[in-house]
Structures are given as C-alpha cells and as structure tokens.
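Have a look at target.txt; it's compact mmCIF, C-alpha atoms:
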```txt
# COMPACT_ATOMS: atom_id res chain seq x y z
CA MET A 1 31.41 16.49 -7.03
CA ALA A 2 33.52 14.19 -4.91
CA ARG A 3 31.40 15.07 -1.90
CA VAL A 4 28.22 14.25 -3.79
CA ASP A 5 29.71 10.90 -4.76
CA ALA A 6 30.69 10.18 -1.17
CA ALA A 7 27.21 11.04 0.08
CA HIS A 8 25.73 8.91 -2.64
CA SER A 9 27.92 5.95 -1.80
CA ILE A 10 27.09 6.20 1.92
CA GLU A 11 23.43 6.17 1.04
CA ALA A 12 23.97 3.22 -1.26
CA THR A 13 25.81 1.35 1.51
CA ASN A 14 23.00 2.13 3.95
CA ASP A 15 20.48 0.93 1.42
CA ARG A 16 22.41 -2.28 0.92
CA ALA A 17 22.57 -2.83 4.68
CA SER A 18 18.82 -2.11 4.91
CA TRP A 19 18.10 -4.63 2.19
CA ARG A 20 20.24 -7.20 3.95
CA ARG A 21 18.49 -6.63 7.27
CA GLY A 22 15.10 -6.71 5.56
CA LEU A 23 15.89 -9.94 3.76
CA SER A 24 17.06 -11.65 6.93
CA GLN A 25 13.81 -10.64 8.69
CA VAL A 26 11.57 -11.75 5.84
CA ALA A 27 13.28 -15.11 5.24
CA PRO A 28 11.19 -17.07 7.76
CA ILE A 29 8.01 -15.46 6.38
CA VAL A 30 8.93 -16.49 2.83
CA LEU A 31 9.58 -20.02 4.09
CA GLY A 32 6.03 -20.13 5.41
CA TYR A 33 4.23 -18.14 2.71
CA VAL A 34 5.33 -20.16 -0.33
CA PRO A 35 3.88 -23.49 0.89
CA ILE A 36 0.77 -21.95 2.46
CA GLY A 37 0.18 -19.81 -0.63
CA PHE A 38 0.62 -23.00 -2.60
CA ALA A 39 -2.00 -24.77 -0.49
CA TYR A 40 -4.36 -21.83 -1.07
CA GLY A 41 -3.75 -22.01 -4.84
CA VAL A 42 -4.52 -25.71 -4.95
CA LEU A 43 -7.70 -25.18 -2.93
CA ALA A 44 -8.81 -22.21 -5.04
CA GLU A 45 -8.34 -24.21 -8.20
CA LYS A 46 -10.36 -27.09 -6.73
CA ALA A 47 -13.08 -24.65 -5.63
CA GLY A 48 -13.51 -23.62 -9.24
CA LEU A 49 -11.84 -20.21 -9.19
CA SER A 50 -10.18 -19.26 -12.45
CA PRO A 51 -6.36 -18.99 -12.23
CA ARG A 52 -6.70 -15.25 -12.78
CA SER A 53 -9.18 -14.77 -9.91
CA ALA A 54 -7.19 -16.97 -7.56
CA VAL A 55 -3.99 -14.99 -8.08
CA LEU A 56 -5.90 -11.69 -8.08
CA MET A 57 -7.18 -12.49 -4.60
CA SER A 58 -3.60 -12.94 -3.36
CA ALA A 59 -2.68 -9.60 -4.91
CA LEU A 60 -5.73 -7.58 -3.78
CA VAL A 61 -6.79 -9.16 -0.49
CA TYR A 62 -3.51 -10.70 0.65
CA ALA A 63 -4.73 -12.26 3.90
CA GLY A 64 -4.18 -15.96 4.40
CA ALA A 65 -6.99 -17.02 6.71
CA ALA A 66 -9.60 -14.87 4.93
CA GLN A 67 -8.59 -16.26 1.52
CA PHE A 68 -9.01 -19.85 2.71
CA ILE A 69 -12.39 -19.05 4.22
CA ALA A 70 -13.55 -17.13 1.15
CA THR A 71 -12.51 -19.97 -1.13
CA GLY A 72 -14.55 -22.38 0.96
CA LEU A 73 -17.54 -20.01 0.89
CA LEU A 74 -17.27 -19.53 -2.88
CA ALA A 75 -17.18 -23.28 -3.35
CA ALA A 76 -20.27 -23.59 -1.14
CA GLY A 77 -22.08 -21.01 -3.27
CA ALA A 78 -22.32 -18.29 -0.60
CA LEU A 79 -23.54 -14.83 -1.57
CA PRO A 80 -20.89 -12.19 -2.41
CA PHE A 81 -22.18 -9.94 0.38
CA SER A 82 -21.73 -12.57 3.06
CA ILE A 83 -18.24 -13.37 1.75
CA VAL A 84 -17.25 -9.70 1.99
CA VAL A 85 -18.73 -9.32 5.50
CA THR A 86 -16.97 -12.47 6.71
CA THR A 87 -13.68 -11.18 5.27
CA PHE A 88 -14.19 -7.90 7.11
CA VAL A 89 -14.76 -9.63 10.46
CA VAL A 90 -11.87 -12.05 10.00
CA ASN A 91 -9.47 -9.23 9.04
CA LEU A 92 -10.60 -6.67 11.63
CA ARG A 93 -7.69 -7.73 13.84
CA HIS A 94 -5.36 -5.84 11.50
CA ALA A 95 -6.85 -2.57 12.81
CA LEU A 96 -5.37 -3.35 16.22
CA MET A 97 -2.01 -4.17 14.65
CA SER A 98 -2.08 -1.01 12.54
CA ALA A 99 -2.91 1.12 15.59
CA SER A 100 -0.14 -0.42 17.65
CA LEU A 101 2.51 0.40 15.01
CA THR A 102 1.45 4.07 14.85
CA PRO A 103 3.76 5.40 17.60
CA HIS A 104 6.79 4.15 15.65
CA LEU A 105 5.80 5.59 12.28
CA ARG A 106 4.85 9.18 13.14
CA THR A 107 7.55 10.62 10.89
CA TRP A 108 6.30 8.84 7.76
CA ARG A 109 4.17 10.68 5.23
CA PRO A 110 0.56 9.55 4.69
CA ARG A 111 1.42 8.21 1.25
CA ALA A 112 4.15 5.95 2.65
CA LEU A 113 1.81 4.80 5.45
CA ALA A 114 -0.96 4.05 2.96
CA ALA A 115 1.43 1.90 0.91
CA PHE A 116 2.87 0.23 4.01
CA ALA A 117 -0.62 -0.63 5.34
CA TYR A 118 -1.51 -2.47 2.15
CA GLN A 119 0.97 -5.24 2.98
CA LEU A 120 0.34 -5.42 6.72
CA THR A 121 -0.35 -9.07 7.51
CA ASP A 122 -0.15 -11.05 10.74
CA GLU A 123 3.36 -12.12 9.88
CA THR A 124 4.77 -8.82 8.59
CA PHE A 125 3.17 -7.11 11.60
CA ALA A 126 4.83 -9.53 13.99
CA VAL A 127 8.24 -8.92 12.43
CA HIS A 128 7.76 -5.14 12.28
CA ALA A 129 6.48 -4.85 15.85
CA THR A 130 9.60 -6.59 17.10
CA ARG A 131 11.94 -4.61 14.85
CA PHE A 132 10.33 -1.22 15.52
CA GLY A 133 10.73 -1.83 19.23
CA GLN A 134 14.49 -1.52 18.66
CA GLY A 135 14.16 1.83 16.85
CA THR A 136 12.43 2.90 13.66
CA PRO A 137 14.05 1.17 10.69
CA SER A 138 14.59 2.70 7.27
CA LYS A 139 11.72 2.65 4.83
CA VAL A 140 13.85 0.51 2.51
CA GLU A 141 14.09 -2.16 5.20
CA ALA A 142 10.37 -2.09 6.07
CA PHE A 143 9.25 -2.16 2.43
CA CYS A 144 11.77 -4.89 1.60
CA VAL A 145 10.09 -7.11 4.22
CA ASN A 146 6.62 -6.26 2.90
CA ALA A 147 7.36 -6.64 -0.80
CA CYS A 148 9.27 -9.92 -0.46
CA ALA A 149 6.53 -11.38 1.73
CA GLN A 150 3.75 -10.57 -0.73
CA LEU A 151 5.88 -11.74 -3.65
CA ALA A 152 6.33 -15.08 -1.88
CA TRP A 153 2.57 -15.27 -1.21
CA ILE A 154 1.61 -14.51 -4.82
CA THR A 155 4.27 -16.87 -6.19
CA GLY A 156 3.09 -19.66 -3.90
CA SER A 157 -0.57 -19.12 -4.89
CA TRP A 158 0.31 -19.06 -8.56
CA LEU A 159 2.33 -22.28 -8.33
CA GLY A 160 -0.52 -23.91 -6.44
CA VAL A 161 -3.05 -22.94 -9.09
CA LEU A 162 -0.80 -24.11 -11.90
CA GLY A 163 0.67 -27.31 -10.62
CA GLY A 164 -1.33 -28.57 -7.67
CA GLN A 165 -1.54 -32.01 -9.18
CA PHE A 166 2.11 -32.24 -10.22
CA VAL A 167 3.85 -31.12 -7.05
CA PRO A 168 4.03 -33.35 -3.99
CA ASP A 169 2.23 -32.44 -0.78
CA PRO A 170 4.43 -30.07 1.29
CA ARG A 171 3.07 -31.39 4.59
CA PRO A 172 5.62 -34.21 5.05
CA TRP A 173 8.34 -31.54 5.09
CA GLY A 174 6.70 -29.86 8.05
CA LEU A 175 6.49 -26.51 6.29
CA ASP A 176 2.91 -26.03 7.52
CA TYR A 177 4.58 -25.41 10.89
CA ALA A 178 6.72 -22.49 9.64
CA LEU A 179 4.22 -19.77 10.53
CA PRO A 180 3.14 -21.08 13.96
CA ALA A 181 6.88 -21.43 14.75
CA LEU A 182 7.51 -17.87 13.56
CA PHE A 183 4.74 -16.55 15.82
CA LEU A 184 6.15 -18.49 18.78
CA ALA A 185 9.66 -17.15 18.20
CA LEU A 186 8.37 -13.58 17.89
CA LEU A 187 6.24 -14.03 21.00
CA VAL A 188 9.40 -14.95 22.91
CA SER A 189 11.00 -11.67 21.88
CA GLN A 190 7.83 -9.72 22.76
CA VAL A 191 7.59 -11.09 26.30
CA ARG A 192 10.05 -8.97 28.28
CA GLY A 193 8.50 -9.08 31.73
CA ARG A 194 5.83 -10.56 33.97
CA ILE A 195 3.09 -8.27 32.68
CA ASP A 196 3.83 -9.24 29.06
CA LEU A 197 3.67 -12.91 30.03
CA GLY A 198 0.34 -12.32 31.78
CA VAL A 199 -0.98 -10.47 28.72
CA ALA A 200 0.05 -13.33 26.42
CA LEU A 201 -1.47 -15.98 28.70
CA ALA A 202 -4.73 -14.04 29.09
CA ALA A 203 -5.09 -13.40 25.35
CA GLY A 204 -4.08 -16.96 24.46
CA THR A 205 -6.52 -18.51 26.92
CA VAL A 206 -9.42 -16.34 25.76
CA ALA A 207 -8.60 -17.12 22.12
CA VAL A 208 -8.52 -20.87 22.78
CA GLY A 209 -11.84 -20.64 24.64
CA LEU A 210 -13.52 -18.64 21.87
CA THR A 211 -12.16 -20.91 19.14
CA TRP A 212 -13.31 -23.96 21.04
CA ALA A 213 -16.76 -22.36 21.42
CA GLY A 214 -16.92 -21.93 17.64
CA LEU A 215 -16.35 -18.15 17.60
CA ASP A 216 -13.08 -18.43 15.70
CA TYR A 217 -13.79 -15.47 13.37
CA TRP A 218 -13.91 -13.09 16.34
CA SER A 219 -11.44 -14.81 18.60
CA VAL A 220 -8.28 -12.87 17.73
CA VAL A 221 -9.89 -9.42 17.99
CA LEU A 222 -11.68 -10.12 21.28
CA ALA A 223 -8.77 -11.99 22.85
CA THR A 224 -6.32 -9.22 21.94
CA CYS A 225 -8.58 -6.58 23.52
CA VAL A 226 -8.88 -8.66 26.70
CA GLY A 227 -5.11 -9.27 26.81
CA ALA A 228 -4.13 -5.62 26.30
CA THR A 229 -6.71 -4.50 28.89
CA VAL A 230 -5.30 -6.99 31.41
CA GLY A 231 -1.86 -5.49 30.74
CA VAL A 232 -2.96 -1.90 31.31
CA MET A 233 -4.88 -2.78 34.48
CA TRP A 234 -1.94 -4.75 35.84
CA GLU A 235 0.37 -1.81 35.07
CA ILE A 236 -1.90 0.68 36.85
CA TRP A 237 -2.25 -1.66 39.82
CA THR A 238 1.55 -2.14 40.06
CA LYS A 239 2.08 1.64 39.98
CA ARG A 240 -0.47 2.13 42.73
CA GLN A 241 1.20 -0.51 44.88
CA SER A 242 4.61 1.12 44.56
CA SER A 243 3.47 4.72 45.13
CA MET B 1 -21.08 -17.38 -9.71
CA ASP B 2 -19.80 -15.89 -12.97
CA GLU B 3 -16.30 -14.53 -13.37
CA LYS B 4 -17.35 -10.89 -13.18
CA THR B 5 -19.16 -11.41 -9.85
CA VAL B 6 -16.15 -13.29 -8.48
CA ILE B 7 -13.84 -10.42 -9.40
CA LEU B 8 -16.21 -7.86 -7.85
CA THR B 9 -16.38 -9.99 -4.70
CA ILE B 10 -12.58 -10.09 -4.56
CA ALA B 11 -12.43 -6.31 -5.01
CA GLY B 12 -14.90 -5.89 -2.12
CA MET B 13 -12.84 -8.24 0.04
CA GLY B 14 -9.75 -6.20 -0.83
CA LEU B 15 -11.44 -2.97 0.24
CA VAL B 16 -12.75 -4.25 3.59
CA THR B 17 -9.33 -5.76 4.28
CA TYR B 18 -7.40 -2.62 3.39
CA LEU B 19 -9.44 -0.13 5.43
CA PRO B 20 -8.76 -1.67 8.87
CA ARG B 21 -5.09 -1.96 7.90
CA ALA B 22 -4.72 1.66 6.81
CA LEU B 23 -7.17 3.86 8.75
CA PRO B 24 -5.61 3.51 12.24
CA LEU B 25 -2.12 4.24 10.88
CA LEU B 26 -3.37 7.25 8.94
CA PHE B 27 -5.59 8.75 11.65
CA LEU B 28 -3.69 7.99 14.85
CA ARG B 29 -0.55 9.42 13.24
CA ARG B 30 -1.37 12.93 14.43
CA ALA B 31 -1.97 11.81 17.98
CA GLY B 32 0.77 13.06 20.26
CA THR B 33 2.16 15.53 17.72
CA ALA B 34 -0.42 18.19 16.91
CA GLY B 35 -3.88 18.96 18.18
CA TRP B 36 -4.58 16.29 20.71
CA ALA B 37 -2.20 14.08 22.64
CA MET B 38 -2.82 10.37 22.64
CA PRO B 39 -4.08 9.49 26.11
CA SER B 40 -1.31 7.67 27.93
CA ILE B 41 -3.69 4.84 28.78
CA LEU B 42 -4.35 4.20 25.06
CA ASP B 43 -0.62 4.37 24.42
CA ALA B 44 -0.03 1.76 27.12
CA TRP B 45 -2.87 -0.38 25.79
CA LEU B 46 -1.39 -0.37 22.28
CA ARG B 47 2.00 -1.44 23.65
CA TYR B 48 0.39 -4.67 24.90
CA VAL B 49 -1.23 -5.44 21.54
CA PRO B 50 1.80 -7.26 20.00
CA PRO B 51 2.20 -9.93 22.73
CA ALA B 52 -1.59 -10.25 23.02
CA VAL B 53 -2.27 -10.66 19.31
CA LEU B 54 0.62 -13.09 18.79
CA ALA B 55 -0.55 -15.28 21.67
CA ALA B 56 -4.17 -15.07 20.47
CA MET B 57 -3.13 -16.35 17.04
CA VAL B 58 -0.65 -19.02 18.02
CA LEU B 59 -2.19 -20.68 21.07
CA PRO B 60 -5.36 -21.90 19.32
CA SER B 61 -3.25 -23.19 16.42
CA LEU B 62 -1.20 -25.27 18.88
CA LEU B 63 -3.97 -26.48 21.18
CA LEU B 64 -6.77 -26.81 18.64
CA PRO B 65 -5.10 -27.66 15.33
CA GLY B 66 -7.80 -27.81 12.68
CA GLY B 67 -10.25 -26.27 15.14
CA GLU B 68 -10.61 -29.38 17.29
CA ALA B 69 -9.13 -30.40 20.59
CA ALA B 70 -6.36 -32.91 19.93
CA SER B 71 -4.95 -35.26 22.51
CA ALA B 72 -1.91 -33.65 24.10
CA ILE B 73 0.34 -36.64 23.45
CA GLY B 74 -0.47 -37.03 19.77
CA ASN B 75 -0.32 -33.30 19.09
CA LEU B 76 2.85 -32.80 17.06
CA TYR B 77 2.30 -29.03 16.88
CA LEU B 78 2.42 -28.81 20.67
CA TRP B 79 5.57 -30.94 20.99
CA ALA B 80 7.34 -28.98 18.25
CA ALA B 81 6.65 -25.80 20.23
CA LEU B 82 9.19 -26.89 22.86
CA PRO B 83 12.33 -26.89 20.62
CA THR B 84 11.02 -23.79 18.82
CA LEU B 85 10.67 -21.86 22.08
CA TRP B 86 14.00 -23.14 23.35
CA VAL B 87 15.93 -22.10 20.22
CA ALA B 88 14.13 -18.73 20.11
CA TRP B 89 14.94 -18.12 23.77
CA LYS B 90 18.61 -19.16 23.55
CA THR B 91 19.64 -17.80 20.16
CA ARG B 92 17.06 -15.08 19.39
CA SER B 93 17.29 -16.33 15.81
CA LEU B 94 13.92 -16.39 14.05
CA LEU B 95 15.12 -18.55 11.20
CA GLY B 96 16.81 -20.96 13.61
CA ALA B 97 13.66 -21.30 15.71
CA VAL B 98 11.48 -21.83 12.63
CA ALA B 99 13.92 -24.42 11.26
CA ALA B 100 13.89 -26.30 14.58
CA GLY B 101 10.08 -26.40 14.71
CA VAL B 102 9.72 -27.43 11.08
CA ALA B 103 12.37 -30.15 11.46
CA VAL B 104 10.66 -31.63 14.52
CA VAL B 105 7.27 -31.71 12.73
CA ALA B 106 8.86 -33.30 9.63
CA LEU B 107 10.71 -35.93 11.71
CA GLY B 108 7.61 -36.61 13.79
CA ARG B 109 5.55 -37.29 10.66
CA LEU B 110 8.32 -39.50 9.31
CA PHE B 111 8.81 -41.66 12.39
CA LEU B 112 5.61 -41.52 14.42
CA PRO B 113 2.62 -43.62 13.40
```
Would you mind writing the file's structure down as structure tokens?
Amino acid sequence: MARVDAAHSIEATNDRASWRRGLSQVAPIVLGYVPIGFAYGVLAEKAGLSPRSAVLMSALVYAGAAQFIATGLLAAGALPFSIVVTTFVVNLRHALMSASLTPHLRTWRPRALAAFAYQLTDETFAVHATRFGQGTPSKVEAFCVNACAQLAWITGSWLGVLGGQFVPDPRPWGLDYALPALFLALLVSQVRGRIDLGVALAAGTVAVGLTWAGLDYWSVVLATCVGATVGVMWEIWTKRQSS
Amino acid sequence: MDEKTVILTIAGMGLVTYLPRALPLLFLRRAGTAGWAMPSILDAWLRYVPPAVLAAMVLPSLLLPGGEAASAIGNLYLWAALPTLWVAWKTRSLLGAVAAGVAVVALGRLFLP
C-alpha cells in the first residue's frame, strides 16, 4: 500500500512538473493568442457572423490566418466551396510541420496522435519542435501546451465577438507583435549551425519574394520546401567534401 | 449566406484543416519501425523543416507588414526584431524575448510620429 502511494506521489510530482513546464512554454503563445483571437472576434462580428459561428470556427478550425481570410471571404459573399479550398491551401503548411514532428512521437498511440494533431498550429508547432529536440516530453506537458493555447484562442475570439466596441484597441500595447517575436525567438533556438542559417535565409527570402508577388497563400509551403531542400543538398555536399 | 450554410462551411474548413495536421503524423509513424525504413534523405529533409517554416512565416511579416513593402526606417516591426533577437540569443528565454519585442513596438507607437 505504501509503495503504491509512493509511486502515485512520484507520478503526481512528475505531472505537476510537466504542467509547470507546459505552462511556461505556452505563456508567450497565450500572450499572443488572446489579443489576436480578440481581433478575429471583432472582425467576425463586423463581417456578420453570428457569435455562435464565430466561436465555433475558433473551436473547429483553429487556424489564425485562415480564419481571418475566411471571415473576409464570407463578408465578401464568396461561395462556401471557394472558402473551403482557400482554407485548405492556406493550412497545407501544417502537413510539413506534422511530418517533421513524427520522428519524436513514434511511441505515441494513434489516438493520442490524432488528438495532438487537432491542436497543431504554427505557434504550438514551433514550441513543440524546439522542445522535442531536447527529448520527447511527457504527454501531459505537450497537451498542456495545446489545450491552454486553444483555450486562449477561443477566449480571445469570444471576448472579441462580445465586446469589440467596449474594449480599447490592443495595438497601442504592441501585443500584435507577440507572435512575430515568438517566431523570431524560436528561430534563434532552431538555428544551431551554418546550414540551419542558410536554410532559414533561403526559406525566408523565397517567402518574401512569393508574398511580394502576391502568392501569399502558397508562400509558406513552397518556401519551406525550398529551404529544407537547400539544407539537404548542402549537407550532402559537405559530406562529399569531407570524404 | 444563411446560418446553416455558414456552419457547414466552417465544418468543411475544419475538416480540410485537420487532415493535413493529422495524416502525416498518423502515417509516417510506422516509418523506421516496422515494414519500411524512412529514407535517410527524407529524415534529413524533415529536420530542416522547423527552421525553414519559422523563417518563411516570420520574414514576410517583418519585411512586408500588411503585405506591402514598408520603408526600412519607418518599419517598427523590423526595428523591434533587433532587441527580440538579442534577448533570445543571450537569455534563451521565450517570454523575455517576446516581452522585449512587444515593449519596443508599444514604446515606438507611443513616441514616434
């Protein structure tokens, strides 16, 4: 009995530590999601979405850029089919993120992976990719990050729908910069050598070029493929030089 | 568009968003364990996805905020990248780096014309 209790308390301590680690990783995401979710809520309300539909989109789709675009398309009276196709193209980048996390999550069961994938966003991916590089974390930690992030997103959307006109504009507080800053900070921890830096510069340059050319829906997918290919070719070339 | 169509559209958006998120995780899971081994070149390629995708998302948002080329001097997002990168590099603290960037943008909006 005592042994069972001891085992239980170790597990509880581990869980508490996992929660703490998860919360510290998700804090910057929450800081960015609440105001951006809020901005989405305000926009959705202005576009004529019912409060229920606006919040439902944050629960079911849960993808910032696509939700902003879809809201704009809905307001412009676009056809449902074209809204769904646009969403697919804009969110296709998540397939690359999902694939790149696979090597770290081989031990998870399909059901856990299916649940985990539901809350895979640009931001949670960026945090997970960095964290998984240091060793696979507990499921508690990974799901803590995911759940808190979506809760922040839904809460922000809901507040935006409800009180857009009562709450002051968050822009003067600079909170619109929280997510770009988070990406920059995570990029710093991802760049460990010259090849990584080359990959980032190649992908970033291609993305800027494509966005500037008006292909912003495709830019992340194409630029990521170019960047990762540059990395592999550079790696092969370096190996050939040294052998 | 009536409410029912909107909800169906949202459900369709949810489906086409979920599939790319889930299918690679579910189907590449077996690679390297049973059946077939993941080719090492694909493995290497996937290792470069995180830096590539982060750079592909952040660089346009700094250089083309709002989808348009901004003048380098007036671009607050670009200037705020410097303290953000510096804090991230020195302290490795995500929250610290985000706070630095947000503070610079807030101060810039307060004091710059």
Residues of chain A within 7 Å of chain B, counting only C-alpha atoms, as JSON, numbers by chain: {"A": [28, 53, 57, 60, 61, 80, 84, 87, 88, 91, 92, 94, 95, 98, 99, 100, 102, 106, 110, 113, 114, 117, 118, 120, 129, 172, 173, 174, 175, 177, 178, 180, 181, 182, 183, 184, 185, 187, 188, 190, 191, 196, 199, 200, 203, 204, 207, 208, 211, 220, 223, 224, 227, 228, 229, 231, 232]}
Rounded to one decimal place, report the atom CA of A:Arg52-atom CA of A:Leu73 distance in Å. 18.1 Å
May I have the residues within 7 Å of A:Thr121 as a ChimeraX atom specification, using only C-alpha atoms and disregarding those fewer than 3 positions away in the same chain? /A:63,124-125
Could you name the residues that touch stretch 145-158 of chain A at 7 Å or less, counting all atoms listed in the file, but leaving out those on the same chain fewer than 3 positions away, as a list of chain:residue names?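 So the residues in contact are A:Gly22, A:Leu23, A:Gln25, A:Val26, A:Ile29, A:Val30, A:Tyr33, A:Val34, A:Pro35, A:Gly37, A:Phe38, A:Tyr40, A:Gly41, A:Val55, A:Ser58, A:Ala59, A:Gln119, A:Thr124, A:Glu141, A:Ala142, A:Val161, A:Leu162.
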What does the distance between atom CA of A:Pro137 and atom CA of A:Val221 come to in Å, to one decimal place? 27.2 Å
Calculate how many Å separate atom CA of A:Pro103 from atom CA of A:Val90, rounding to one decimal. 24.6 Å
Find, counting only C-alpha atoms, the residue in A:Ser24, A:Ser50, A:Thr107, A:Gln67 that gets nearest to A:Val127. A:Ser24
So that all listed atoms of stretch 81-88 of chain B fit with 5 Å spare on each side, what axis-aligned box centre and edge lengths in Å, to one decimal, would you give as lines of an AutoDock Vina configuration file?
```
center_x = 11.3
center_y = -22.8
center_z = 21.1
size_x = 19.3
size_y = 18.2
size_z = 14.5
```
Extract, using all atoms listed in the file, all DNA, RNA and protein residues at most 9 Å from A:Leu222, discarding same-chain residues fewer than 3 positions from it, and format them as a list of chain:residue names. A:Arg93, A:Ala203, A:Val206, A:Ala207, A:Leu210, A:Trp218, A:Ser219, A:Cys225, A:Val226, A:Gly227
For the residues in the current selection, export C-alpha atoms as a PDB file, in the coordinates of the input.
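That gives us out-v3.pdb:
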```pdb
ATOM      1  CA  ARG A  93      -7.690  -7.730  13.840  1.00  0.00           C
ATOM      2  CA  ALA A 203      -5.090 -13.400  25.350  1.00  0.00           C
ATOM      3  CA  VAL A 206      -9.420 -16.340  25.760  1.00  0.00           C
ATOM      4  CA  ALA A 207      -8.600 -17.120  22.120  1.00  0.00           C
ATOM      5  CA  LEU A 210     -13.520 -18.640  21.870  1.00  0.00           C
ATOM      6  CA  TRP A 218     -13.910 -13.090  16.340  1.00  0.00           C
ATOM      7  CA  SER A 219     -11.440 -14.810  18.600  1.00  0.00           C
ATOM      8  CA  CYS A 225      -8.580  -6.580  23.520  1.00  0.00           C
ATOM      9  CA  VAL A 226      -8.880  -8.660  26.700  1.00  0.00           C
ATOM     10  CA  GLY A 227      -5.110  -9.270  26.810  1.00  0.00           C
TER      11      GLY A 227
END
```
Since fewer atoms than expected are present, regenerate N, CA, C and O atoms for stretch 17-31 of chain B and write them as an mmCIF file, in the frame of the given file.
```cif
data_model
loop_
_atom_site.group_PDB
_atom_site.id
_atom_site.type_symbol
_atom_site.label_atom_id
_atom_site.label_comp_id
_atom_site.auth_asym_id
_atom_site.auth_seq_id
_atom_site.Cartn_x
_atom_site.Cartn_y
_atom_site.Cartn_z
ATOM 1 N N THR B 17 -10.561 -5.340 3.622
ATOM 2 C CA THR B 17 -9.330 -5.760 4.280
ATOM 3 C C THR B 17 -8.369 -4.583 4.413
ATOM 4 O O THR B 17 -7.697 -4.434 5.433
ATOM 5 N N TYR B 18 -8.350 -3.737 3.384
ATOM 6 C CA TYR B 18 -7.400 -2.620 3.390
ATOM 7 C C TYR B 18 -7.763 -1.551 4.425
ATOM 8 O O TYR B 18 -6.884 -1.031 5.108
ATOM 9 N N LEU B 19 -9.058 -1.237 4.544
ATOM 10 C CA LEU B 19 -9.440 -0.130 5.430
ATOM 11 C C LEU B 19 -8.993 -0.342 6.880
ATOM 12 O O LEU B 19 -8.375 0.551 7.456
ATOM 13 N N PRO B 20 -9.257 -1.500 7.501
ATOM 14 C CA PRO B 20 -8.760 -1.670 8.870
ATOM 15 C C PRO B 20 -7.222 -1.654 8.958
ATOM 16 O O PRO B 20 -6.676 -1.323 10.005
ATOM 17 N N ARG B 21 -6.553 -2.003 7.869
ATOM 18 C CA ARG B 21 -5.090 -1.960 7.900
ATOM 19 C C ARG B 21 -4.580 -0.531 7.845
ATOM 20 O O ARG B 21 -3.557 -0.200 8.449
ATOM 21 N N ALA B 22 -5.266 0.323 7.092
ATOM 22 C CA ALA B 22 -4.720 1.660 6.810
ATOM 23 C C ALA B 22 -5.265 2.740 7.746
ATOM 24 O O ALA B 22 -4.502 3.616 8.167
ATOM 25 N N LEU B 23 -6.571 2.708 8.058
ATOM 26 C CA LEU B 23 -7.170 3.860 8.750
ATOM 27 C C LEU B 23 -6.515 4.165 10.109
ATOM 28 O O LEU B 23 -6.219 5.327 10.376
ATOM 29 N N PRO B 24 -6.257 3.150 10.968
ATOM 30 C CA PRO B 24 -5.610 3.510 12.240
ATOM 31 C C PRO B 24 -4.246 4.174 12.043
ATOM 32 O O PRO B 24 -3.959 5.177 12.684
ATOM 33 N N LEU B 25 -3.436 3.640 11.129
ATOM 34 C CA LEU B 25 -2.120 4.240 10.880
ATOM 35 C C LEU B 25 -2.265 5.679 10.408
ATOM 36 O O LEU B 25 -1.522 6.569 10.829
ATOM 37 N N LEU B 26 -3.237 5.919 9.524
ATOM 38 C CA LEU B 26 -3.370 7.250 8.940
ATOM 39 C C LEU B 26 -3.970 8.250 9.926
ATOM 40 O O LEU B 26 -3.596 9.413 9.931
ATOM 41 N N PHE B 27 -4.902 7.790 10.784
ATOM 42 C CA PHE B 27 -5.590 8.750 11.650
ATOM 43 C C PHE B 27 -4.973 8.901 13.024
ATOM 44 O O PHE B 27 -5.053 9.968 13.614
ATOM 45 N N LEU B 28 -4.331 7.853 13.534
ATOM 46 C CA LEU B 28 -3.690 7.990 14.850
ATOM 47 C C LEU B 28 -2.315 8.645 14.720
ATOM 48 O O LEU B 28 -1.673 8.945 15.714
ATOM 49 N N ARG B 29 -1.867 8.860 13.485
ATOM 50 C CA ARG B 29 -0.550 9.420 13.240
ATOM 51 C C ARG B 29 -0.378 10.777 13.922
ATOM 52 O O ARG B 29 0.675 11.104 14.461
ATOM 53 N N ARG B 30 -1.459 11.570 13.892
ATOM 54 C CA ARG B 30 -1.370 12.930 14.430
ATOM 55 C C ARG B 30 -1.371 12.929 15.953
ATOM 56 O O ARG B 30 -0.951 13.905 16.566
ATOM 57 N N ALA B 31 -1.875 11.843 16.522
ATOM 58 C CA ALA B 31 -1.970 11.810 17.980
ATOM 59 C C ALA B 31 -0.588 11.995 18.593
ATOM 60 O O ALA B 31 0.367 11.343 18.194
#
```
